[in-house]
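Pasted below: final31.cif, mmCIF, C-alpha atoms.
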```cif
data_model
loop_
_atom_site.group_PDB
_atom_site.id
_atom_site.type_symbol
_atom_site.label_atom_id
_atom_site.label_comp_id
_atom_site.auth_asym_id
_atom_site.auth_seq_id
_atom_site.Cartn_x
_atom_site.Cartn_y
_atom_site.Cartn_z
ATOM 1 C CA MET V 929 -3.191 20.651 -39.034
ATOM 2 C CA ALA V 930 -5.398 23.574 -38.058
ATOM 3 C CA THR V 931 -4.586 26.616 -35.982
ATOM 4 C CA THR V 932 -6.351 29.564 -34.412
ATOM 5 C CA SER V 933 -5.040 32.452 -32.351
ATOM 6 C CA GLY V 934 -6.169 35.664 -30.730
ATOM 7 C CA HIS V 935 -6.395 37.597 -27.502
ATOM 8 C CA ALA V 936 -7.956 35.953 -24.464
ATOM 9 C CA ALA V 937 -8.795 37.364 -21.055
ATOM 10 C CA ALA V 938 -10.081 35.230 -18.193
ATOM 11 C CA ASP V 939 -9.181 34.625 -14.577
ATOM 12 C CA TRP V 940 -6.803 31.821 -15.594
ATOM 13 C CA ILE V 941 -5.331 33.244 -18.828
ATOM 14 C CA ARG V 942 -4.582 36.636 -20.310
ATOM 15 C CA GLY V 943 -2.814 37.548 -23.536
ATOM 16 C CA LEU V 944 -2.253 36.156 -26.993
ATOM 17 C CA VAL V 945 -3.280 32.510 -27.260
ATOM 18 C CA ARG V 946 -2.604 30.025 -30.034
ATOM 19 C CA ASP V 947 -4.294 26.643 -30.337
ATOM 20 C CA ASP V 948 -3.020 24.003 -32.745
ATOM 21 C CA PHE V 949 -5.086 20.983 -33.779
ATOM 22 C CA PHE V 950 -3.753 17.758 -35.285
ATOM 23 C CA LEU V 951 -5.553 14.783 -36.796
ATOM 24 C CA LEU V 952 -4.614 11.447 -35.266
ATOM 25 C CA THR V 953 -6.565 8.262 -35.762
ATOM 26 C CA VAL V 954 -6.182 5.420 -33.280
ATOM 27 C CA ASP V 955 -8.198 2.393 -32.260
ATOM 28 C CA HIS V 956 -8.061 3.286 -28.564
ATOM 29 C CA HIS V 957 -6.531 5.949 -26.340
ATOM 30 C CA GLU V 958 -6.739 6.750 -22.646
ATOM 31 C CA VAL V 959 -6.089 10.361 -21.642
ATOM 32 C CA ASP V 960 -3.426 10.620 -18.944
ATOM 33 C CA PRO V 961 -3.892 13.871 -16.969
ATOM 34 C CA SER V 962 -1.119 13.057 -14.468
ATOM 35 C CA ARG V 963 1.284 15.630 -15.928
ATOM 36 C CA GLN V 964 -1.135 18.559 -15.934
ATOM 37 C CA THR V 965 -0.041 21.670 -14.119
ATOM 38 C CA ALA V 966 -2.025 23.045 -11.188
ATOM 39 C CA ARG V 967 -3.306 25.805 -13.497
ATOM 40 C CA GLU V 968 -4.487 23.263 -16.052
ATOM 41 C CA ARG V 969 -6.258 21.185 -13.400
ATOM 42 C CA LYS V 970 -8.035 24.322 -12.177
ATOM 43 C CA ALA V 971 -9.045 25.492 -15.653
ATOM 44 C CA LEU V 972 -10.188 22.198 -17.187
ATOM 45 C CA VAL V 973 -13.551 20.820 -16.174
ATOM 46 C CA GLY V 974 -12.954 17.465 -17.807
ATOM 47 C CA PHE V 975 -12.344 15.702 -21.072
ATOM 48 C CA ARG V 976 -13.993 13.127 -23.262
ATOM 49 C CA TRP V 977 -13.931 11.833 -26.809
ATOM 50 C CA TRP V 978 -16.748 13.063 -29.039
ATOM 51 C CA HIS V 979 -18.316 11.609 -32.150
ATOM 52 C CA VAL V 980 -18.539 14.531 -34.601
ATOM 53 C CA ALA V 981 -22.334 14.308 -34.915
ATOM 54 C CA ASP V 982 -22.705 14.352 -31.111
ATOM 55 C CA LEU V 983 -20.442 17.376 -30.889
ATOM 56 C CA GLN V 984 -22.518 19.266 -33.449
ATOM 57 C CA ARG V 985 -25.848 18.714 -31.735
ATOM 58 C CA SER V 986 -24.662 18.828 -28.117
ATOM 59 C CA GLY V 987 -25.284 22.513 -27.475
ATOM 60 C CA GLU V 988 -21.873 22.643 -25.760
ATOM 61 C CA ARG V 989 -19.665 25.631 -26.446
ATOM 62 C CA VAL V 990 -16.891 24.521 -28.817
ATOM 63 C CA HIS V 991 -13.730 26.511 -29.511
ATOM 64 C CA PRO V 992 -13.217 27.328 -32.244
ATOM 65 C CA PRO V 993 -16.864 27.160 -33.345
ATOM 66 C CA SER V 994 -15.904 26.017 -36.865
ATOM 67 C CA LEU V 995 -14.054 22.930 -35.564
ATOM 68 C CA PRO V 996 -16.998 20.491 -35.999
ATOM 69 C CA GLU V 997 -17.321 21.425 -39.685
ATOM 70 C CA LEU V 998 -13.610 20.843 -40.224
ATOM 71 C CA LEU V 999 -13.878 17.479 -38.476
ATOM 72 C CA LEU V 1000 -16.750 16.453 -40.755
ATOM 73 C CA ARG V 1001 -14.618 17.227 -43.809
ATOM 74 C CA LEU V 1002 -11.761 15.177 -42.361
ATOM 75 C CA VAL V 1003 -14.074 12.221 -41.610
ATOM 76 C CA ASP V 1004 -15.273 12.424 -45.232
ATOM 77 C CA GLY V 1005 -11.650 12.060 -46.354
ATOM 78 C CA VAL V 1006 -11.106 15.675 -47.389
ATOM 79 C CA ARG V 1007 -7.547 16.694 -46.506
ATOM 80 C CA PRO V 1008 -7.236 20.482 -46.716
ATOM 81 C CA ASP V 1009 -4.042 22.422 -47.291
ATOM 82 C CA PRO V 1010 -1.305 21.736 -44.739
ATOM 83 C CA VAL V 1011 -2.531 24.419 -42.329
ATOM 84 C CA VAL V 1012 -6.162 25.468 -41.895
ATOM 85 C CA HIS V 1013 -6.587 28.838 -40.187
ATOM 86 C CA LEU V 1014 -9.759 28.764 -38.092
ATOM 87 C CA PRO V 1015 -11.360 32.048 -36.979
ATOM 88 C CA TRP V 1016 -10.649 33.101 -33.406
ATOM 89 C CA VAL V 1017 -13.672 33.494 -31.164
ATOM 90 C CA TRP V 1018 -13.332 34.161 -27.473
#
```
So, in terms of structure tokens, how does the structure I just supplied come out?
Amino acid sequence: MATTSGHAAADWIRGLVRDDFFLLTVDHHEVDPSRQTARERKALVGFRWWHVADLQRSGERVHPPSLPELLLRLVDGVRPDPVVHLPWVW
């Protein structure tokens, strides 16, 4: 598991935010957005699954920025301590 937290201020969110990340490997998964709140539907542009290498070279803004490096370590089989604290960048 990895976590990051800090203050955020945008038109759709304001205050202390915490994001938790978990590693789950599956053969296939379809995202079901049917239970999103109206706020979530407004704030999220979309979703997709990324290959780590594509994520690194995409030029897309990734939060937290150090997430691709952590993913590479996980793909290589490195399992860090139970909780990895990623730096907060907003």
- Query: Could you work out how far atom CA of Ala936 of chain V lies from atom CA of Arg969 of chain V, giving the answer in Å with one decimal?
  - Reply: 18.5 Å
- Message: Here's the selection I'm unsure about, the PyMOL selection byres ((chain V and resi 945) around 8); applied to the file above, which residues does it give, as a list in words?
- Response: Ser933, Gly934, His935, Ala936, Gly943, Leu944, Arg946 and Asp947 of chain V
- Message: What would the selection look like, as JSON, numbers by chain, if the PyMOL selection byres ((chain V and resi 977) around 10) were run on the coordinates I just shared?
- Response: {"V": [957, 958, 959, 975, 976, 978, 979, 980, 983]}
For the residues in the current selection, export C-alpha atoms as a short mmCIF file (atom, residue, chain, number, x, y, z; two decimals), keeping the file's coordinate frame.
```cif
data_model
loop_
_atom_site.label_atom_id
_atom_site.label_comp_id
_atom_site.auth_asym_id
_atom_site.auth_seq_id
_atom_site.Cartn_x
_atom_site.Cartn_y
_atom_site.Cartn_z
CA HIS V 957 -6.53 5.95 -26.34
CA GLU V 958 -6.74 6.75 -22.65
CA VAL V 959 -6.09 10.36 -21.64
CA PHE V 975 -12.34 15.70 -21.07
CA ARG V 976 -13.99 13.13 -23.26
CA TRP V 978 -16.75 13.06 -29.04
CA HIS V 979 -18.32 11.61 -32.15
CA VAL V 980 -18.54 14.53 -34.60
CA LEU V 983 -20.44 17.38 -30.89
#
```
- Task: Apply the PyMOL selection byres ((chain V and resi 989-993) around 12) to the structure shown and report the selected residues as a ChimeraX atom specification.
- Result: /V:930-934,946-949,978,980,982-988,994-999,1013-1018
Limited to C-alpha atoms, could you put the picked residues into a file as a PDB file, keeping the file's coordinate frame?
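Result went into result-v5.pdb, see below:
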```
ATOM      1  CA  ALA V 930      -5.398  23.574 -38.058  1.00  0.00           C
ATOM      2  CA  THR V 931      -4.586  26.616 -35.982  1.00  0.00           C
ATOM      3  CA  THR V 932      -6.351  29.564 -34.412  1.00  0.00           C
ATOM      4  CA  SER V 933      -5.040  32.452 -32.351  1.00  0.00           C
ATOM      5  CA  GLY V 934      -6.169  35.664 -30.730  1.00  0.00           C
ATOM      6  CA  ARG V 946      -2.604  30.025 -30.034  1.00  0.00           C
ATOM      7  CA  ASP V 947      -4.294  26.643 -30.337  1.00  0.00           C
ATOM      8  CA  ASP V 948      -3.020  24.003 -32.745  1.00  0.00           C
ATOM      9  CA  PHE V 949      -5.086  20.983 -33.779  1.00  0.00           C
ATOM     10  CA  TRP V 978     -16.748  13.063 -29.039  1.00  0.00           C
ATOM     11  CA  VAL V 980     -18.539  14.531 -34.601  1.00  0.00           C
ATOM     12  CA  ASP V 982     -22.705  14.352 -31.111  1.00  0.00           C
ATOM     13  CA  LEU V 983     -20.442  17.376 -30.889  1.00  0.00           C
ATOM     14  CA  GLN V 984     -22.518  19.266 -33.449  1.00  0.00           C
ATOM     15  CA  ARG V 985     -25.848  18.714 -31.735  1.00  0.00           C
ATOM     16  CA  SER V 986     -24.662  18.828 -28.117  1.00  0.00           C
ATOM     17  CA  GLY V 987     -25.284  22.513 -27.475  1.00  0.00           C
ATOM     18  CA  GLU V 988     -21.873  22.643 -25.760  1.00  0.00           C
ATOM     19  CA  SER V 994     -15.904  26.017 -36.865  1.00  0.00           C
ATOM     20  CA  LEU V 995     -14.054  22.930 -35.564  1.00  0.00           C
ATOM     21  CA  PRO V 996     -16.998  20.491 -35.999  1.00  0.00           C
ATOM     22  CA  GLU V 997     -17.321  21.425 -39.685  1.00  0.00           C
ATOM     23  CA  LEU V 998     -13.610  20.843 -40.224  1.00  0.00           C
ATOM     24  CA  LEU V 999     -13.878  17.479 -38.476  1.00  0.00           C
ATOM     25  CA  HIS V1013      -6.587  28.838 -40.187  1.00  0.00           C
ATOM     26  CA  LEU V1014      -9.759  28.764 -38.092  1.00  0.00           C
ATOM     27  CA  PRO V1015     -11.360  32.048 -36.979  1.00  0.00           C
ATOM     28  CA  TRP V1016     -10.649  33.101 -33.406  1.00  0.00           C
ATOM     29  CA  VAL V1017     -13.672  33.494 -31.164  1.00  0.00           C
ATOM     30  CA  TRP V1018     -13.332  34.161 -27.473  1.00  0.00           C
TER      31      TRP V1018
END
```
- Item | atom CA of Arg1001 of chain V to atom CA of Asp955 of chain V, distance in Å rounded to a single decimal |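 If I compute the distance from atom CA of Arg1001 of chain V to atom CA of Asp955 of chain V, I get 19.9 Å.
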- Task: Measure the distance from atom CA of Gly1005 of chain V to atom CA of Thr953 of chain V in Å and round it to one decimal.
- Result: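 That distance, rounded to one decimal, is 12.3 Å.
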For all heavy atoms, please extract segment 943-957 of chain V from the block and return it as a PDB file, in the first residue's frame.
```
ATOM      1  N   GLY V 943      -9.492  21.406   1.078  1.00  0.00           N
ATOM      2  CA  GLY V 943      -9.183  20.874   2.400  1.00  0.00           C
ATOM      3  C   GLY V 943      -8.096  19.830   2.355  1.00  0.00           C
ATOM      4  O   GLY V 943      -7.351  19.715   1.385  1.00  0.00           O
ATOM      5  N   LEU V 944      -7.999  19.073   3.427  1.00  0.00           N
ATOM      6  CA  LEU V 944      -7.002  18.019   3.538  1.00  0.00           C
ATOM      7  C   LEU V 944      -7.478  16.789   2.780  1.00  0.00           C
ATOM      8  O   LEU V 944      -8.601  16.320   2.974  1.00  0.00           O
ATOM      9  CB  LEU V 944      -6.769  17.668   5.013  1.00  0.00           C
ATOM     10  CG  LEU V 944      -5.685  16.625   5.284  1.00  0.00           C
ATOM     11  CD1 LEU V 944      -4.327  17.106   4.782  1.00  0.00           C
ATOM     12  CD2 LEU V 944      -5.622  16.315   6.766  1.00  0.00           C
ATOM     13  N   VAL V 945      -6.631  16.290   1.903  1.00  0.00           N
ATOM     14  CA  VAL V 945      -6.970  15.152   1.050  1.00  0.00           C
ATOM     15  C   VAL V 945      -5.987  14.029   1.317  1.00  0.00           C
ATOM     16  O   VAL V 945      -4.797  14.267   1.513  1.00  0.00           O
ATOM     17  CB  VAL V 945      -6.905  15.552  -0.444  1.00  0.00           C
ATOM     18  CG1 VAL V 945      -7.134  14.363  -1.345  1.00  0.00           C
ATOM     19  CG2 VAL V 945      -7.890  16.664  -0.731  1.00  0.00           C
ATOM     20  N   ARG V 946      -6.486  12.814   1.317  1.00  0.00           N
ATOM     21  CA  ARG V 946      -5.628  11.636   1.459  1.00  0.00           C
ATOM     22  C   ARG V 946      -5.990  10.664   0.349  1.00  0.00           C
ATOM     23  O   ARG V 946      -7.158  10.335   0.143  1.00  0.00           O
ATOM     24  CB  ARG V 946      -5.838  10.976   2.818  1.00  0.00           C
ATOM     25  CG  ARG V 946      -5.030   9.704   2.959  1.00  0.00           C
ATOM     26  CD  ARG V 946      -5.210   9.089   4.304  1.00  0.00           C
ATOM     27  NE  ARG V 946      -4.688   7.734   4.280  1.00  0.00           N
ATOM     28  CZ  ARG V 946      -4.451   7.032   5.358  1.00  0.00           C
ATOM     29  NH1 ARG V 946      -4.692   7.534   6.544  1.00  0.00           N
ATOM     30  NH2 ARG V 946      -3.985   5.810   5.247  1.00  0.00           N
ATOM     31  N   ASP V 947      -4.974  10.200  -0.357  1.00  0.00           N
ATOM     32  CA  ASP V 947      -5.144   9.184  -1.394  1.00  0.00           C
ATOM     33  C   ASP V 947      -4.408   7.925  -0.961  1.00  0.00           C
ATOM     34  O   ASP V 947      -3.253   7.990  -0.532  1.00  0.00           O
ATOM     35  CB  ASP V 947      -4.571   9.650  -2.734  1.00  0.00           C
ATOM     36  CG  ASP V 947      -5.353  10.790  -3.348  1.00  0.00           C
ATOM     37  OD1 ASP V 947      -6.588  10.795  -3.202  1.00  0.00           O
ATOM     38  OD2 ASP V 947      -4.737  11.665  -3.967  1.00  0.00           O
ATOM     39  N   ASP V 948      -5.070   6.798  -1.061  1.00  0.00           N
ATOM     40  CA  ASP V 948      -4.462   5.508  -0.749  1.00  0.00           C
ATOM     41  C   ASP V 948      -4.417   4.680  -2.020  1.00  0.00           C
ATOM     42  O   ASP V 948      -5.377   4.665  -2.797  1.00  0.00           O
ATOM     43  CB  ASP V 948      -5.273   4.766   0.314  1.00  0.00           C
ATOM     44  CG  ASP V 948      -5.252   5.484   1.647  1.00  0.00           C
ATOM     45  OD1 ASP V 948      -4.174   5.923   2.068  1.00  0.00           O
ATOM     46  OD2 ASP V 948      -6.323   5.599   2.275  1.00  0.00           O
ATOM     47  N   PHE V 949      -3.312   3.980  -2.230  1.00  0.00           N
ATOM     48  CA  PHE V 949      -3.106   3.162  -3.416  1.00  0.00           C
ATOM     49  C   PHE V 949      -2.839   1.723  -2.984  1.00  0.00           C
ATOM     50  O   PHE V 949      -2.076   1.490  -2.055  1.00  0.00           O
ATOM     51  CB  PHE V 949      -1.904   3.676  -4.225  1.00  0.00           C
ATOM     52  CG  PHE V 949      -2.048   5.103  -4.656  1.00  0.00           C
ATOM     53  CD1 PHE V 949      -1.623   6.143  -3.835  1.00  0.00           C
ATOM     54  CD2 PHE V 949      -2.617   5.423  -5.879  1.00  0.00           C
ATOM     55  CE1 PHE V 949      -1.766   7.463  -4.221  1.00  0.00           C
ATOM     56  CE2 PHE V 949      -2.757   6.736  -6.272  1.00  0.00           C
ATOM     57  CZ  PHE V 949      -2.328   7.753  -5.439  1.00  0.00           C
ATOM     58  N   PHE V 950      -3.462   0.779  -3.680  1.00  0.00           N
ATOM     59  CA  PHE V 950      -3.303  -0.633  -3.381  1.00  0.00           C
ATOM     60  C   PHE V 950      -2.913  -1.369  -4.650  1.00  0.00           C
ATOM     61  O   PHE V 950      -3.359  -1.014  -5.735  1.00  0.00           O
ATOM     62  CB  PHE V 950      -4.625  -1.215  -2.850  1.00  0.00           C
ATOM     63  CG  PHE V 950      -5.106  -0.547  -1.605  1.00  0.00           C
ATOM     64  CD1 PHE V 950      -5.946   0.555  -1.688  1.00  0.00           C
ATOM     65  CD2 PHE V 950      -4.705  -1.005  -0.362  1.00  0.00           C
ATOM     66  CE1 PHE V 950      -6.396   1.184  -0.537  1.00  0.00           C
ATOM     67  CE2 PHE V 950      -5.154  -0.384   0.795  1.00  0.00           C
ATOM     68  CZ  PHE V 950      -5.999   0.711   0.706  1.00  0.00           C
ATOM     69  N   LEU V 951      -2.097  -2.397  -4.499  1.00  0.00           N
ATOM     70  CA  LEU V 951      -1.701  -3.233  -5.628  1.00  0.00           C
ATOM     71  C   LEU V 951      -2.667  -4.411  -5.737  1.00  0.00           C
ATOM     72  O   LEU V 951      -2.881  -5.140  -4.772  1.00  0.00           O
ATOM     73  CB  LEU V 951      -0.275  -3.761  -5.437  1.00  0.00           C
ATOM     74  CG  LEU V 951       0.209  -4.759  -6.483  1.00  0.00           C
ATOM     75  CD1 LEU V 951       0.280  -4.105  -7.855  1.00  0.00           C
ATOM     76  CD2 LEU V 951       1.545  -5.342  -6.081  1.00  0.00           C
ATOM     77  N   LEU V 952      -3.254  -4.564  -6.904  1.00  0.00           N
ATOM     78  CA  LEU V 952      -4.145  -5.677  -7.178  1.00  0.00           C
ATOM     79  C   LEU V 952      -3.834  -6.159  -8.587  1.00  0.00           C
ATOM     80  O   LEU V 952      -3.824  -5.371  -9.531  1.00  0.00           O
ATOM     81  CB  LEU V 952      -5.613  -5.232  -7.100  1.00  0.00           C
ATOM     82  CG  LEU V 952      -6.644  -6.265  -7.516  1.00  0.00           C
ATOM     83  CD1 LEU V 952      -6.675  -7.419  -6.513  1.00  0.00           C
ATOM     84  CD2 LEU V 952      -8.009  -5.622  -7.645  1.00  0.00           C
ATOM     85  N   THR V 953      -3.564  -7.420  -8.726  1.00  0.00           N
ATOM     86  CA  THR V 953      -3.319  -7.965 -10.056  1.00  0.00           C
ATOM     87  C   THR V 953      -4.484  -8.859 -10.447  1.00  0.00           C
ATOM     88  O   THR V 953      -4.927  -9.704  -9.665  1.00  0.00           O
ATOM     89  CB  THR V 953      -1.995  -8.757 -10.103  1.00  0.00           C
ATOM     90  OG1 THR V 953      -2.038  -9.780  -9.113  1.00  0.00           O
ATOM     91  CG2 THR V 953      -0.811  -7.845  -9.837  1.00  0.00           C
ATOM     92  N   VAL V 954      -4.994  -8.633 -11.639  1.00  0.00           N
ATOM     93  CA  VAL V 954      -6.118  -9.403 -12.173  1.00  0.00           C
ATOM     94  C   VAL V 954      -5.880  -9.638 -13.657  1.00  0.00           C
ATOM     95  O   VAL V 954      -5.109  -8.926 -14.291  1.00  0.00           O
ATOM     96  CB  VAL V 954      -7.465  -8.666 -11.971  1.00  0.00           C
ATOM     97  CG1 VAL V 954      -7.785  -8.508 -10.495  1.00  0.00           C
ATOM     98  CG2 VAL V 954      -7.478  -7.326 -12.659  1.00  0.00           C
ATOM     99  N   ASP V 955      -6.546 -10.619 -14.201  1.00  0.00           N
ATOM    100  CA  ASP V 955      -6.443 -10.878 -15.635  1.00  0.00           C
ATOM    101  C   ASP V 955      -7.281  -9.899 -16.439  1.00  0.00           C
ATOM    102  O   ASP V 955      -6.933  -9.542 -17.560  1.00  0.00           O
ATOM    103  CB  ASP V 955      -6.876 -12.310 -15.956  1.00  0.00           C
ATOM    104  CG  ASP V 955      -5.910 -13.335 -15.397  1.00  0.00           C
ATOM    105  OD1 ASP V 955      -4.703 -13.045 -15.335  1.00  0.00           O
ATOM    106  OD2 ASP V 955      -6.380 -14.413 -15.006  1.00  0.00           O
ATOM    107  N   HIS V 956      -8.411  -9.459 -15.863  1.00  0.00           N
ATOM    108  CA  HIS V 956      -9.309  -8.561 -16.581  1.00  0.00           C
ATOM    109  C   HIS V 956     -10.191  -7.838 -15.565  1.00  0.00           C
ATOM    110  O   HIS V 956     -10.583  -8.420 -14.562  1.00  0.00           O
ATOM    111  CB  HIS V 956     -10.188  -9.360 -17.547  1.00  0.00           C
ATOM    112  CG  HIS V 956     -11.146  -8.513 -18.313  1.00  0.00           C
ATOM    113  ND1 HIS V 956     -10.752  -7.739 -19.381  1.00  0.00           N
ATOM    114  CD2 HIS V 956     -12.469  -8.293 -18.169  1.00  0.00           C
ATOM    115  CE1 HIS V 956     -11.807  -7.090 -19.851  1.00  0.00           C
ATOM    116  NE2 HIS V 956     -12.865  -7.411 -19.126  1.00  0.00           N
ATOM    117  N   HIS V 957     -10.497  -6.583 -15.858  1.00  0.00           N
ATOM    118  CA  HIS V 957     -11.399  -5.829 -14.984  1.00  0.00           C
ATOM    119  C   HIS V 957     -12.054  -4.709 -15.774  1.00  0.00           C
ATOM    120  O   HIS V 957     -11.392  -3.985 -16.504  1.00  0.00           O
ATOM    121  CB  HIS V 957     -10.657  -5.219 -13.802  1.00  0.00           C
ATOM    122  CG  HIS V 957     -11.538  -4.402 -12.918  1.00  0.00           C
ATOM    123  ND1 HIS V 957     -12.483  -4.951 -12.096  1.00  0.00           N
ATOM    124  CD2 HIS V 957     -11.635  -3.071 -12.753  1.00  0.00           C
ATOM    125  CE1 HIS V 957     -13.122  -3.996 -11.453  1.00  0.00           C
ATOM    126  NE2 HIS V 957     -12.630  -2.839 -11.838  1.00  0.00           N
TER     127      HIS V 957
END
```
